[in-house]
Amino acid sequence: MDQSRTLEIWVGVFIALGLAALVVLAMQVSNLASYTREESVYHLTARFDNIGGLKVRSPVSVGGVRVGRVDGIDFDMNTFEAVVSLAIASRYNKFPADTSAQIFTAGLLGEQYVALEPGGDTEVLKDGGEIHLTQSALVLEQIIGQFLYNKADGSK
Amino acid sequence: MIERLQQLGRSGLLFFERLGRGVLFLLQVLAGAWELVPRLALLIRQIYAIGVLSLLIILISGLFVGMVLGLQGYNTLVDFGAEESLGVMVALSLVRELGPVVSALLFAGRAGSALTAEIGIMKATEQLSSMEMMAVDPVRRVIVPRFFAGLLSMPLLAAIFSAVGVYGGYFVAVGLLGVDDGSFWSQMQAKVDIYDDIRNGIIKSFVFGFVVTWIALFEGYDALPTSEGVSRATTRTVVHSAFAVLGLDFVLTALMFGDI
């Protein structure tokens with residue numbers, strides 16, 4: 001009887017350790033703690049000529065603070081523009097109507113994100129609203145190409 | 001020429017016969033699963049033998065694998081000034097690959113071989129047939145608790161391996177190499193996804209636990225009832241488990257992470 005008791009205690013310790021490891025993996029190692037899926041969001045769209053390497057789930061930030069994420073990327077066959085849908089947390093719901101959106105890269109080789117720059121309009125963007133002022137992603141090849149082109153032009 | 005062909009045919013038939021027996025054995029075990037409910041004490045005893053006794057080797061290997069990943073990754077990443085990404089590298093390689101795979105290999109060596117030898121010797125000393133004489137089904141009494149104990153222990157062991165490994169990497173990166181504490185964790189949390197990475201790693205470890213325990217129990221149950229037969233069965237358990245784990249790992253990785 002006593003022997004089976006210690007055995008059961010050890011099995012209990014083992015299972016508790018295993019579950020604790022799962023919790024550590026979920027909370028400490030992964031992004032579960034910062035998951036914004038539960039939070040209520042509203043949607044904005046923005047049209048870009050070129051979105052570079054932007055992906056679904058890329059962050060959306062204002063002044064470096066993360067306020068939402070990209071939740072859809074589509075291509076409009078009428079205007080030949082990329083349509084990016086942004087899910088913004090509901091507590092950030094007072095962006096002026098002339099807010100502009102830009103696609104930046106975090107660091108030299110980092111992931112790309114959408115940065116919003118609030119304007120000065122008194123009207124605010126509502127759910128389903130569209131951001132009209134946008135600036136495309138910088139594509140490194142284009143910049144290098146332009147630079148070489150200018151260089152060749154100047155040396156003439 | 002004809003003899004060669006005959007030999008090939010015979011080994012092929014033997015292989016498929018064995019495979020068929022293995023599948024029938026598995027079905028028999030799964031059909032006996034409900035018998036486990038009134039016999040939870042048997043399951044707990046087997047979780048002790050399979051899980052708790054494998055804990056030490058899993059803890060130590062996890063710690064050292066994590067520390068080595070930290071050291072090796074640092075050498076490469078520091079060239080690009082990206083040593084803050086060390087946490088991401090350690091966590092992703094552990095959670096996605098090394099945690100499930102290495103702990104399954106250790107599990108096969110530590111627990112699988114013990115299972116095969118135990119059941120093989122039970123068979124060789126006719127304990128299994130004497131159970132049948134007493135109208136006790138040896139599959140339900142001996143095999144089923146061991147199978148489910150293995151199936152439950154393996155994911156827990158893999159999770160412990162990964163978690164300990166991450167802390168081993170943290171110790172080396174932050175404690176010894178001077179990587180910044182905050183960015184180690186925050187980059188890791190930003191890049192490791194609960195569904196894509198952690199859930200898939202757990203699915204992997206379930207599959208490996210299933211396959212390794214199945215192989216170990218079948219080899220023991222199917223062993224020739226001699227000392228040589230048991231020894232061969234034990235060797236086969238370790239070798240076949242390693243093949244199965246590494247092969248399945250490729251398939252699972254391709255399904256989960258590759259865009260094939």
# chains A, B, ... in the order shown; residues from 1 in each chain; ligands from 1
>>> interface_residues(of="chain A", to="chain B", cutoff="9 Å", atoms="only C-alpha atoms", output="number ranges by chain")
A: 4, 7-8, 10-11, 13-15, 17-22, 24-34
>>> select_by_dssp(residues="range 5-155 of chain A", states="strand (DSSP E or B)", output="PyMOL selection string")
chain A and resi 41-48+59-62+65-76+81-89+96+100-105+112-117+124+129-131+133-135
>>> write_last_selection(atoms="N, CA and C atoms", output="short mmCIF file (atom, residue, chain, number, x, y, z; two decimals), in the first residue's frame")
data_model
loop_
_atom_site.label_atom_id
_atom_site.label_comp_id
_atom_site.auth_asym_id
_atom_site.auth_seq_id
_atom_site.Cartn_x
_atom_site.Cartn_y
_atom_site.Cartn_z
N VAL A 41 -12.18 44.09 -32.66
CA VAL A 41 -11.43 44.89 -33.61
C VAL A 41 -12.38 45.57 -34.58
N TYR A 42 -11.89 46.60 -35.26
CA TYR A 42 -12.64 47.15 -36.39
C TYR A 42 -11.70 47.19 -37.59
N HIS A 43 -12.28 47.28 -38.77
CA HIS A 43 -11.47 47.10 -39.98
C HIS A 43 -11.34 48.39 -40.77
N LEU A 44 -10.14 48.59 -41.28
CA LEU A 44 -9.88 49.68 -42.21
C LEU A 44 -9.24 49.08 -43.44
N THR A 45 -9.39 49.73 -44.58
CA THR A 45 -8.67 49.24 -45.75
C THR A 45 -7.74 50.34 -46.24
N ALA A 46 -6.69 49.90 -46.92
CA ALA A 46 -5.76 50.85 -47.51
C ALA A 46 -5.29 50.26 -48.83
N ARG A 47 -5.13 51.13 -49.82
CA ARG A 47 -4.67 50.65 -51.14
C ARG A 47 -3.24 51.08 -51.37
N PHE A 48 -2.44 50.15 -51.81
CA PHE A 48 -1.03 50.44 -52.07
C PHE A 48 -0.69 50.03 -53.49
N PRO A 59 2.29 43.27 -38.25
CA PRO A 59 1.78 44.26 -37.30
C PRO A 59 1.39 45.58 -37.95
N VAL A 60 0.46 46.28 -37.32
CA VAL A 60 0.11 47.66 -37.68
C VAL A 60 0.47 48.51 -36.47
N SER A 61 1.25 49.57 -36.67
CA SER A 61 1.65 50.35 -35.50
C SER A 61 1.50 51.84 -35.76
N VAL A 62 1.32 52.55 -34.68
CA VAL A 62 1.27 54.01 -34.73
C VAL A 62 2.33 54.53 -33.78
N VAL A 65 3.86 51.95 -31.57
CA VAL A 65 3.03 51.13 -30.69
C VAL A 65 2.14 50.25 -31.55
N ARG A 66 2.10 48.98 -31.23
CA ARG A 66 1.31 48.07 -32.03
C ARG A 66 -0.18 48.23 -31.71
N VAL A 67 -0.99 48.53 -32.72
CA VAL A 67 -2.42 48.73 -32.47
C VAL A 67 -3.28 47.69 -33.18
N GLY A 68 -2.69 46.85 -34.03
CA GLY A 68 -3.51 45.87 -34.74
C GLY A 68 -2.64 45.05 -35.67
N ARG A 69 -3.30 44.37 -36.59
CA ARG A 69 -2.53 43.56 -37.53
C ARG A 69 -3.23 43.53 -38.89
N VAL A 70 -2.46 43.12 -39.89
CA VAL A 70 -3.01 42.97 -41.24
C VAL A 70 -3.83 41.70 -41.25
N ASP A 71 -5.10 41.77 -41.65
CA ASP A 71 -5.86 40.51 -41.65
C ASP A 71 -6.36 40.11 -43.03
N GLY A 72 -5.90 40.81 -44.06
CA GLY A 72 -6.28 40.34 -45.39
C GLY A 72 -5.55 41.14 -46.45
N ILE A 73 -5.11 40.46 -47.51
CA ILE A 73 -4.44 41.14 -48.61
C ILE A 73 -5.10 40.67 -49.89
N ASP A 74 -5.52 41.61 -50.71
CA ASP A 74 -6.19 41.23 -51.94
C ASP A 74 -5.68 42.14 -53.06
N PHE A 75 -6.03 41.79 -54.29
CA PHE A 75 -5.59 42.59 -55.43
C PHE A 75 -6.82 43.04 -56.21
N ASP A 76 -6.91 44.36 -56.45
CA ASP A 76 -8.07 44.89 -57.16
C ASP A 76 -7.77 44.90 -58.65
N GLU A 81 -4.34 47.73 -57.89
CA GLU A 81 -3.70 48.09 -56.64
C GLU A 81 -3.89 46.95 -55.64
N ALA A 82 -2.95 46.88 -54.70
CA ALA A 82 -3.11 45.90 -53.63
C ALA A 82 -4.02 46.50 -52.57
N VAL A 83 -5.01 45.71 -52.12
CA VAL A 83 -5.93 46.18 -51.09
C VAL A 83 -5.59 45.44 -49.80
N VAL A 84 -5.18 46.21 -48.80
CA VAL A 84 -4.78 45.61 -47.53
C VAL A 84 -5.85 45.92 -46.50
N SER A 85 -6.34 44.88 -45.84
CA SER A 85 -7.34 45.08 -44.79
C SER A 85 -6.63 45.05 -43.44
N LEU A 86 -6.90 46.08 -42.62
CA LEU A 86 -6.24 46.19 -41.33
C LEU A 86 -7.25 45.97 -40.21
N ALA A 87 -6.92 45.10 -39.25
CA ALA A 87 -7.78 44.92 -38.08
C ALA A 87 -7.15 45.71 -36.95
N ILE A 88 -7.85 46.74 -36.48
CA ILE A 88 -7.33 47.61 -35.43
C ILE A 88 -8.15 47.37 -34.15
N ALA A 89 -7.47 47.29 -33.03
CA ALA A 89 -8.17 47.08 -31.76
C ALA A 89 -9.16 48.21 -31.50
N PRO A 96 -8.00 60.23 -37.18
CA PRO A 96 -8.57 61.22 -38.09
C PRO A 96 -8.72 60.64 -39.50
N SER A 100 -2.53 58.74 -42.66
CA SER A 100 -1.84 58.11 -43.78
C SER A 100 -1.20 56.80 -43.35
N ALA A 101 -1.03 55.91 -44.32
CA ALA A 101 -0.46 54.58 -44.04
C ALA A 101 0.79 54.40 -44.88
N GLN A 102 1.82 53.86 -44.25
CA GLN A 102 3.06 53.58 -44.97
C GLN A 102 3.52 52.16 -44.64
N ILE A 103 4.26 51.58 -45.54
CA ILE A 103 4.81 50.25 -45.25
C ILE A 103 6.30 50.42 -44.98
N PHE A 104 6.71 50.03 -43.79
CA PHE A 104 8.10 50.15 -43.38
C PHE A 104 8.68 48.77 -43.13
N THR A 105 10.00 48.74 -43.01
CA THR A 105 10.68 47.50 -42.68
C THR A 105 11.32 47.68 -41.30
N GLN A 112 8.15 43.34 -42.53
CA GLN A 112 7.54 44.59 -42.91
C GLN A 112 6.27 44.81 -42.12
N TYR A 113 5.95 46.07 -41.84
CA TYR A 113 4.76 46.40 -41.07
C TYR A 113 4.13 47.66 -41.62
N VAL A 114 2.86 47.88 -41.25
CA VAL A 114 2.15 49.08 -41.69
C VAL A 114 2.23 50.11 -40.58
N ALA A 115 2.72 51.29 -40.90
CA ALA A 115 2.77 52.37 -39.91
C ALA A 115 1.71 53.40 -40.27
N LEU A 116 0.87 53.75 -39.30
CA LEU A 116 -0.14 54.77 -39.53
C LEU A 116 0.37 56.10 -38.97
N GLU A 117 0.05 57.17 -39.68
CA GLU A 117 0.45 58.51 -39.20
C GLU A 117 -0.81 59.36 -39.10
N VAL A 124 -13.45 61.22 -37.92
CA VAL A 124 -12.66 60.04 -37.59
C VAL A 124 -12.98 58.89 -38.54
N GLY A 129 -13.84 51.94 -42.98
CA GLY A 129 -13.33 53.13 -43.67
C GLY A 129 -12.06 52.84 -44.45
N GLU A 130 -11.73 53.79 -45.32
CA GLU A 130 -10.55 53.59 -46.14
C GLU A 130 -9.54 54.69 -45.89
N ILE A 131 -8.27 54.28 -45.82
CA ILE A 131 -7.19 55.25 -45.67
C ILE A 131 -6.74 55.64 -47.08
N LEU A 133 -4.46 58.21 -47.99
CA LEU A 133 -3.07 58.61 -48.18
C LEU A 133 -2.17 57.42 -47.88
N THR A 134 -1.58 56.83 -48.89
CA THR A 134 -0.72 55.66 -48.63
C THR A 134 0.60 55.83 -49.35
N GLN A 135 1.59 55.18 -48.80
CA GLN A 135 2.90 55.18 -49.44
C GLN A 135 3.38 53.74 -49.51
#
>>> residues_around(residues="Thr213 in chain B", least_positions_apart="5", cutoff="7 Å", atoms="only C-alpha atoms", output="list in words")
Gly112, Phe147 and Gly150 of chain B
>>> write_last_selection(atoms="C-alpha atoms", output="PDB file, in the first residue's frame")
ATOM      1  CA  GLY B 112      10.879   1.181 -25.589  1.00  0.00           C
ATOM      2  CA  PHE B 147       0.431   1.205 -24.631  1.00  0.00           C
ATOM      3  CA  GLY B 150       3.496   5.339 -23.491  1.00  0.00           C
TER       4      GLY B 150
END
>>> atom_distance(atom1="CA of Arg21 in chain B", atom2="CA of Val251 in chain B")
24.1 Å
>>> residues_around(residues="Met131 in chain B", least_positions_apart="6", cutoff="12 Å", atoms="only C-alpha atoms", output="ChimeraX atom specification")
/B:122-123,125,137-142
>>> write_last_selection(atoms="N, CA and C atoms", output="PDB file, in the first residue's frame")
ATOM      1  N   MET B 122       8.573 -12.092 -20.440  1.00  0.00           N
ATOM      2  CA  MET B 122       7.297 -12.656 -19.983  1.00  0.00           C
ATOM      3  C   MET B 122       6.858 -13.791 -20.892  1.00  0.00           C
ATOM      4  N   LYS B 123       7.102 -13.573 -22.203  1.00  0.00           N
ATOM      5  CA  LYS B 123       6.693 -14.602 -23.147  1.00  0.00           C
ATOM      6  C   LYS B 123       7.603 -15.810 -23.031  1.00  0.00           C
ATOM      7  N   THR B 125       9.349 -16.866 -20.507  1.00  0.00           N
ATOM      8  CA  THR B 125       9.147 -17.633 -19.275  1.00  0.00           C
ATOM      9  C   THR B 125       7.695 -18.078 -19.124  1.00  0.00           C
ATOM     10  N   ASP B 137      -6.818 -12.244 -20.281  1.00  0.00           N
ATOM     11  CA  ASP B 137      -6.302 -11.903 -21.604  1.00  0.00           C
ATOM     12  C   ASP B 137      -5.008 -11.108 -21.434  1.00  0.00           C
ATOM     13  N   PRO B 138      -3.856 -11.662 -21.842  1.00  0.00           N
ATOM     14  CA  PRO B 138      -2.594 -10.937 -21.617  1.00  0.00           C
ATOM     15  C   PRO B 138      -2.534  -9.611 -22.366  1.00  0.00           C
ATOM     16  N   VAL B 139      -3.214  -9.511 -23.522  1.00  0.00           N
ATOM     17  CA  VAL B 139      -3.186  -8.236 -24.235  1.00  0.00           C
ATOM     18  C   VAL B 139      -3.832  -7.150 -23.382  1.00  0.00           C
ATOM     19  N   ARG B 140      -4.982  -7.496 -22.798  1.00  0.00           N
ATOM     20  CA  ARG B 140      -5.694  -6.469 -22.029  1.00  0.00           C
ATOM     21  C   ARG B 140      -5.038  -6.197 -20.687  1.00  0.00           C
ATOM     22  N   ARG B 141      -4.474  -7.245 -20.079  1.00  0.00           N
ATOM     23  CA  ARG B 141      -3.900  -7.074 -18.746  1.00  0.00           C
ATOM     24  C   ARG B 141      -2.502  -6.467 -18.819  1.00  0.00           C
ATOM     25  N   VAL B 142      -1.709  -6.847 -19.835  1.00  0.00           N
ATOM     26  CA  VAL B 142      -0.294  -6.452 -19.874  1.00  0.00           C
ATOM     27  C   VAL B 142      -0.033  -5.361 -20.905  1.00  0.00           C
TER      28      VAL B 142
END
>>> select_by_dssp(residues="range 6-185 of chain B", states="alpha helix (DSSP H)", output="PyMOL selection string")
chain B and resi 6-31+40-50+55-77+86-92+99-107+113-124+127-133+138+144-170+181-185
>>> residues_around(residues="Arg96 in chain B", least_positions_apart="2", cutoff="8 Å", atoms="only C-alpha atoms", output="PyMOL selection string")
chain B and resi 92-94+98-100+197-198+200-201
>>> write_last_selection(atoms="C-alpha atoms", output="PDB file, in the first residue's frame")
ATOM      1  CA  LEU B  92      11.800  27.198 -32.726  1.00  0.00           C
ATOM      2  CA  SER B  93      14.334  24.421 -33.227  1.00  0.00           C
ATOM      3  CA  LEU B  94      13.382  22.852 -29.902  1.00  0.00           C
ATOM      4  CA  LEU B  98      14.456  18.639 -31.520  1.00  0.00           C
ATOM      5  CA  GLY B  99      11.968  18.390 -28.673  1.00  0.00           C
ATOM      6  CA  PRO B 100       9.728  15.774 -30.265  1.00  0.00           C
ATOM      7  CA  ASP B 197       4.713  25.823 -33.752  1.00  0.00           C
ATOM      8  CA  ILE B 198       3.657  24.562 -30.339  1.00  0.00           C
ATOM      9  CA  ASN B 200       2.282  21.058 -34.263  1.00  0.00           C
ATOM     10  CA  GLY B 201       5.164  20.017 -32.009  1.00  0.00           C
TER      11      GLY B 201
END
>>> atom_distance(atom1="CA of Tyr170 in chain B", atom2="CA of Ser103 in chain B")
19.8 Å
>>> residues_around(residues="Ala108 in chain B", least_positions_apart="6", cutoff="7 Å", atoms="only C-alpha atoms", output="ChimeraX atom specification")
/B:212,238,241
>>> write_last_selection(atoms="N, CA and C atoms", output="mmCIF file, in the first residue's frame")
data_model
loop_
_atom_site.group_PDB
_atom_site.id
_atom_site.type_symbol
_atom_site.label_atom_id
_atom_site.label_comp_id
_atom_site.auth_asym_id
_atom_site.auth_seq_id
_atom_site.Cartn_x
_atom_site.Cartn_y
_atom_site.Cartn_z
ATOM 1 N N VAL B 212 6.338 4.585 -31.421
ATOM 2 C CA VAL B 212 7.418 3.938 -30.669
ATOM 3 C C VAL B 212 6.847 2.906 -29.707
ATOM 4 N N VAL B 238 14.775 -0.634 -30.983
ATOM 5 C CA VAL B 238 15.484 0.643 -31.016
ATOM 6 C C VAL B 238 15.725 1.078 -32.457
ATOM 7 N N SER B 241 12.348 1.882 -34.284
ATOM 8 C CA SER B 241 11.769 3.114 -33.754
ATOM 9 C C SER B 241 12.505 4.327 -34.303
#
